[in-house]
Amino acid sequence: MFEGASYYADKVDTTMLIIVGISVFFLIGIVVAMIYFVVRYNHKRNPVATQIKGNNLLEAIWIIIPLFIVIGMFWLGWKDFSRLRKITDYAMKIEVTGRMWKWDFKYPNGKTSDTLYVPVGKTIKLEMRSVDVNHAFFIPALRMKEDVIASRNTYMIIEPQKLGEYDIACAEYCGLNHAYMYTKLIVVPEDVFDAWLSGDSTAPSATTPTPTIARLEPKNENEYIKLIRNNKNFDLLVKYACVSCHTVDGSKNIGPSFAKLASGKTDVMRDGKKMTIDIDAKYLRTALLEPDYEIVEGYSPYTMPTLRGRVSENDLQAIIDLLLGKN
Ligand code: HEC
Ligand SMILES: [Cu+2]
């Protein structure tokens with residue numbers, strides 16, 4: 001189906017599939033029953049109409065069962081949506097302005113753009129307003145849509161978890177050039193985003209490399225193990241239970257040993273493709289926040305829990321520095 005770029009998108013897809021499944025089930029059931037009744041009780045076979053006066057038990061059943069089914073559907077949609085709506089510890093607020101016929105984005109430091117750039121793995125609040133008529137801000141890859149209404153502020157919380165470029169559209173007919181209200185959501189690694197936000201003139205694309213990213217220089221494995229063990233933040237690996245899956249001494253556990261990072265490179269699968277990646281701050285950040293984006297060869301996805309939402313930026317940076325062999 002269409003690509004989803006957040007956990008929320010996957011949940012929307014699941015909810016959607018369940019509801020479509022229930023609908024198809026009843027569609028088929030009702031049509032089959034209808035055809036059966038048409039054939040069985042047509043005028044030739046059943047010349048004298050049968051009068052049925054009602055059946056309280058049957059009526060109660062077909063009120064109560066559908067009631068539970070629709071309450072279930074409501075619950076499926078509501079539980080994650082309400083969680084998302086209530087998030088208050090977002091990392092950044094971006095102002096979105098809809099106008100005929102263009103979107104504008106304004107970042108916390110005052111920078112503006114007409115393409116929406118966001119760092120991957122962060123929770124972002126979009127505060128939206130329209131300066132003219134009603135529009136609707138729609139990001140299909142995130143399965144998110146919200147009206148942008150003249151004279152009222154609305155908002156949307158997004159948590160893009162996958163690097164890439166995604167469509168943004170206006171989903172409410174707003175005049176002659178409504179169709180021009182297409183732009184892009186560009187999800188980039190956080191350091192790329194920071195460099196762009198703080199004034200780097202070139203607009204990043206999802207794959208822009210940055211010269212500033214700290215790299216892990218290849219090291220002798222024993223030397224690297226010593227660096228990790230002696231790091232002042234070693235305790236963080238215990239605090240976040242990393243060591244229950246990763247060893248430091250090179251032996252294999254549920255996850256690859258941290259000692260294997262010493263070579264400065266790692267073999268991973270991304271979207272089913274095998275590749276060798278340099279170990280740098282960007283790779284590690286993604287590995288920690290989006291463990292299933294790149295899977296280390298020979299290991300299973302959906303095993304490593306994301307640190308997203310349970311780590312402070314300081315701790316996250318400290319773990320990355322530690323794994324880079326810094327002090
Ligand atoms: C439940 C087990 C589990 C826990 C807990 C866990 N990981 Fe992982 N980790 C894995 C597995 C499995 C892989 C390999 C599959 C993958 O890439 O997701 C992995 C991969 C990694 C990689 C990529 C390594 C490489 O060779 O490229 C890094 C870095 C990493 N984990 C760091 C951490 C850190 C830091 C923590 C603690 C905050 C942690 N992990 C917690 C299971 C775990
Ligand atoms: Cu519009």
# chains A, B, ... in the order shown; residues from 1 in each chain; ligands from 1
$ residues_near_ligand --ligand "ligand 2" --cutoff "6 Å" --atoms "only C-alpha atoms and all ligand atoms" --output "list in words"
His135, Cys170, Glu172, Cys174, His178 and Met181 of chain A
$ select_by_dssp --residues "region 16-252 of chain A" --states "strand (DSSP E)" --output "PyMOL selection string"
chain A and resi 92-99+102-106+112-113+116-119+124-130+135-139+144-148+154-158+164-170+183-188
$ residues_near_ligand --ligand "ligand 1" --cutoff "6 Å" --atoms "only C-alpha atoms and all ligand atoms" --output "PyMOL selection string"
chain A and resi 237+240-242+244-245+254-256+261+266+284+287-288+291-292+294-296+299-301+303-305
$ residues_around --residues "region 1-10 of chain A" --least-positions-apart "4" --cutoff "8 Å" --atoms "only C-alpha atoms" --output "PyMOL selection string"
chain A and resi 14+80+141-143+159-163
$ write_last_selection --atoms "N, CA and C atoms" --output "mmCIF file, in the first residue's frame"
data_model
loop_
_atom_site.group_PDB
_atom_site.id
_atom_site.type_symbol
_atom_site.label_atom_id
_atom_site.label_comp_id
_atom_site.auth_asym_id
_atom_site.auth_seq_id
_atom_site.Cartn_x
_atom_site.Cartn_y
_atom_site.Cartn_z
ATOM 1 N N THR A 14 -3.755 -0.046 10.255
ATOM 2 C CA THR A 14 -4.346 -1.218 10.903
ATOM 3 C C THR A 14 -5.821 -0.975 11.189
ATOM 4 N N ASP A 80 -5.302 6.063 19.824
ATOM 5 C CA ASP A 80 -4.017 6.630 19.433
ATOM 6 C C ASP A 80 -4.145 8.096 19.037
ATOM 7 N N ALA A 141 1.522 10.521 3.899
ATOM 8 C CA ALA A 141 2.472 9.536 4.432
ATOM 9 C C ALA A 141 2.383 9.425 5.949
ATOM 10 N N LEU A 142 1.882 10.472 6.600
ATOM 11 C CA LEU A 142 1.713 10.415 8.054
ATOM 12 C C LEU A 142 0.269 10.109 8.426
ATOM 13 N N ARG A 143 -0.592 10.006 7.402
ATOM 14 C CA ARG A 143 -2.026 9.755 7.618
ATOM 15 C C ARG A 143 -2.638 10.851 8.503
ATOM 16 N N GLU A 159 5.007 13.011 14.154
ATOM 17 C CA GLU A 159 6.206 12.317 14.633
ATOM 18 C C GLU A 159 6.792 11.522 13.465
ATOM 19 N N PRO A 160 7.404 12.208 12.514
ATOM 20 C CA PRO A 160 7.937 11.465 11.369
ATOM 21 C C PRO A 160 9.094 10.574 11.803
ATOM 22 N N GLN A 161 9.040 9.300 11.416
ATOM 23 C CA GLN A 161 10.059 8.374 11.887
ATOM 24 C C GLN A 161 10.906 7.813 10.766
ATOM 25 N N LYS A 162 10.691 8.317 9.563
ATOM 26 C CA LYS A 162 11.428 7.757 8.445
ATOM 27 C C LYS A 162 11.960 8.894 7.599
ATOM 28 N N LEU A 163 13.258 8.854 7.299
ATOM 29 C CA LEU A 163 13.843 9.890 6.464
ATOM 30 C C LEU A 163 13.196 9.832 5.089
#
$ closest_atom_pairs --of "region 170-189 of chain A" --to "region 101-116 of chain A" --cutoff "7 Å" --atoms "only C-alpha atoms" --output "JSON lines"
{"residue": "A:Asn177", "atom": "CA", "partner": "A:Trp101", "partner_atom": "CA", "distance": 6.1}
{"residue": "A:His178", "atom": "CA", "partner": "A:Trp101", "partner_atom": "CA", "distance": 6.1}
{"residue": "A:Tyr180", "atom": "CA", "partner": "A:Trp101", "partner_atom": "CA", "distance": 6.1}
{"residue": "A:Met181", "atom": "CA", "partner": "A:Lys102", "partner_atom": "CA", "distance": 5.1}
{"residue": "A:Thr183", "atom": "CA", "partner": "A:Thr115", "partner_atom": "CA", "distance": 5.9}
{"residue": "A:Lys184", "atom": "CA", "partner": "A:Thr115", "partner_atom": "CA", "distance": 5.4}
{"residue": "A:Leu185", "atom": "CA", "partner": "A:Leu116", "partner_atom": "CA", "distance": 4.8}
{"residue": "A:Ile186", "atom": "CA", "partner": "A:Leu116", "partner_atom": "CA", "distance": 6.1}
$ select_by_dssp --residues "region 63-92 of chain A" --states "alpha helix (DSSP H)" --output "count of residues only"
23
$ closest_residue --among "A:Gly272, A:Gly72, A:Pro47, A:Pro119" --to "Glu190 (chain A)" --atoms "only C-alpha atoms"
A:Pro119
$ residues_around --residues "region 73-78 of chain A" --least-positions-apart "6" --cutoff "9 Å" --atoms "only C-alpha atoms" --output "JSON, numbers by chain"
{"A": [11, 12, 15, 16, 18, 19]}
$ residues_around --residues "region 315-324 of chain A" --least-positions-apart "6" --cutoff "9 Å" --atoms "only C-alpha atoms" --output "JSON, numbers by chain"
{"A": [214, 215, 216, 217, 227, 228, 231, 232, 233, 234, 236, 237, 258, 261, 262, 264, 279, 280, 281, 284, 285, 288, 307]}
$ write_last_selection --atoms "N, CA and C atoms" --output "PDB file, in the first residue's frame"
ATOM      1  N   ALA A 214      30.180  13.855  13.212  1.00  0.00           N
ATOM      2  CA  ALA A 214      31.301  13.170  13.864  1.00  0.00           C
ATOM      3  C   ALA A 214      31.333  11.701  13.438  1.00  0.00           C
ATOM      4  N   ARG A 215      32.516  11.216  13.099  1.00  0.00           N
ATOM      5  CA  ARG A 215      32.690   9.826  12.636  1.00  0.00           C
ATOM      6  C   ARG A 215      33.420   9.004  13.669  1.00  0.00           C
ATOM      7  N   LEU A 216      33.188   7.731  13.598  1.00  0.00           N
ATOM      8  CA  LEU A 216      33.994   6.814  14.411  1.00  0.00           C
ATOM      9  C   LEU A 216      35.180   6.367  13.562  1.00  0.00           C
ATOM     10  N   GLU A 217      36.380   6.825  13.924  1.00  0.00           N
ATOM     11  CA  GLU A 217      37.576   6.383  13.199  1.00  0.00           C
ATOM     12  C   GLU A 217      37.828   4.927  13.563  1.00  0.00           C
ATOM     13  N   LEU A 227      37.952   2.132  25.660  1.00  0.00           N
ATOM     14  CA  LEU A 227      37.362   3.483  25.571  1.00  0.00           C
ATOM     15  C   LEU A 227      35.919   3.487  26.085  1.00  0.00           C
ATOM     16  N   ILE A 228      35.158   2.479  25.674  1.00  0.00           N
ATOM     17  CA  ILE A 228      33.756   2.410  26.117  1.00  0.00           C
ATOM     18  C   ILE A 228      33.687   2.188  27.625  1.00  0.00           C
ATOM     19  N   ASN A 231      34.543   5.176  29.669  1.00  0.00           N
ATOM     20  CA  ASN A 231      33.783   6.399  29.421  1.00  0.00           C
ATOM     21  C   ASN A 231      32.976   6.784  30.667  1.00  0.00           C
ATOM     22  N   LYS A 232      32.971   8.088  30.971  1.00  0.00           N
ATOM     23  CA  LYS A 232      32.294   8.528  32.201  1.00  0.00           C
ATOM     24  C   LYS A 232      30.790   8.271  32.140  1.00  0.00           C
ATOM     25  N   ASN A 233      30.277   8.068  30.934  1.00  0.00           N
ATOM     26  CA  ASN A 233      28.835   7.841  30.813  1.00  0.00           C
ATOM     27  C   ASN A 233      28.462   6.375  30.633  1.00  0.00           C
ATOM     28  N   PHE A 234      29.413   5.495  30.923  1.00  0.00           N
ATOM     29  CA  PHE A 234      29.145   4.063  30.726  1.00  0.00           C
ATOM     30  C   PHE A 234      27.850   3.628  31.426  1.00  0.00           C
ATOM     31  N   LEU A 236      25.106   4.924  31.531  1.00  0.00           N
ATOM     32  CA  LEU A 236      23.888   5.100  30.731  1.00  0.00           C
ATOM     33  C   LEU A 236      23.505   3.801  30.017  1.00  0.00           C
ATOM     34  N   LEU A 237      24.513   3.025  29.626  1.00  0.00           N
ATOM     35  CA  LEU A 237      24.215   1.757  28.938  1.00  0.00           C
ATOM     36  C   LEU A 237      23.517   0.787  29.877  1.00  0.00           C
ATOM     37  N   PHE A 258      28.737  -4.200  21.065  1.00  0.00           N
ATOM     38  CA  PHE A 258      29.230  -2.846  20.779  1.00  0.00           C
ATOM     39  C   PHE A 258      30.666  -2.885  20.259  1.00  0.00           C
ATOM     40  N   LEU A 261      31.514  -2.324  16.648  1.00  0.00           N
ATOM     41  CA  LEU A 261      31.476  -1.000  16.024  1.00  0.00           C
ATOM     42  C   LEU A 261      32.894  -0.478  15.761  1.00  0.00           C
ATOM     43  N   ALA A 262      33.902  -1.100  16.412  1.00  0.00           N
ATOM     44  CA  ALA A 262      35.273  -0.593  16.359  1.00  0.00           C
ATOM     45  C   ALA A 262      35.787  -0.394  14.934  1.00  0.00           C
ATOM     46  N   GLY A 264      34.420   0.868  12.531  1.00  0.00           N
ATOM     47  CA  GLY A 264      33.961   2.120  11.916  1.00  0.00           C
ATOM     48  C   GLY A 264      32.939   1.899  10.818  1.00  0.00           C
ATOM     49  N   ILE A 279      29.997   4.342  10.456  1.00  0.00           N
ATOM     50  CA  ILE A 279      29.395   4.647  11.747  1.00  0.00           C
ATOM     51  C   ILE A 279      29.708   6.087  12.114  1.00  0.00           C
ATOM     52  N   ASP A 280      28.683   6.889  12.099  1.00  0.00           N
ATOM     53  CA  ASP A 280      28.848   8.283  12.494  1.00  0.00           C
ATOM     54  C   ASP A 280      27.662   8.668  13.382  1.00  0.00           C
ATOM     55  N   ALA A 281      27.657   9.923  13.801  1.00  0.00           N
ATOM     56  CA  ALA A 281      26.628  10.365  14.745  1.00  0.00           C
ATOM     57  C   ALA A 281      25.231  10.196  14.150  1.00  0.00           C
ATOM     58  N   LEU A 284      24.184   6.492  14.234  1.00  0.00           N
ATOM     59  CA  LEU A 284      23.872   6.041  15.595  1.00  0.00           C
ATOM     60  C   LEU A 284      22.561   6.643  16.088  1.00  0.00           C
ATOM     61  N   ARG A 285      22.341   7.901  15.773  1.00  0.00           N
ATOM     62  CA  ARG A 285      21.096   8.534  16.206  1.00  0.00           C
ATOM     63  C   ARG A 285      19.902   7.801  15.614  1.00  0.00           C
ATOM     64  N   LEU A 288      19.363   4.457  17.238  1.00  0.00           N
ATOM     65  CA  LEU A 288      18.767   4.508  18.574  1.00  0.00           C
ATOM     66  C   LEU A 288      17.310   4.949  18.549  1.00  0.00           C
ATOM     67  N   LEU A 307      14.575   4.468  21.629  1.00  0.00           N
ATOM     68  CA  LEU A 307      14.800   5.342  22.790  1.00  0.00           C
ATOM     69  C   LEU A 307      13.898   6.569  22.739  1.00  0.00           C
TER      70      LEU A 307
END
$ closest_atom_pairs --of "region 152-237 of chain A" --to "region 88-95 of chain A" --cutoff "10 Å" --atoms "only C-alpha atoms" --output "tab-separated table"
residue	atom	partner	partner_atom	distance
A:Tyr155	CA	A:Glu95	CA	9.2
A:Ile157	CA	A:Tyr90	CA	8.1
A:Ile158	CA	A:Tyr90	CA	9.2
A:Glu159	CA	A:Tyr90	CA	9.3
$ atom_distance --atom1 "CA of Val188 (chain A)" --atom2 "CA of Gly121 (chain A)"
9.4 Å
$ closest_residue --among "A:Tyr117, A:Asn46, A:Leu57, A:Thr306" --to "Leu197 (chain A)" --atoms "only C-alpha atoms"
A:Tyr117
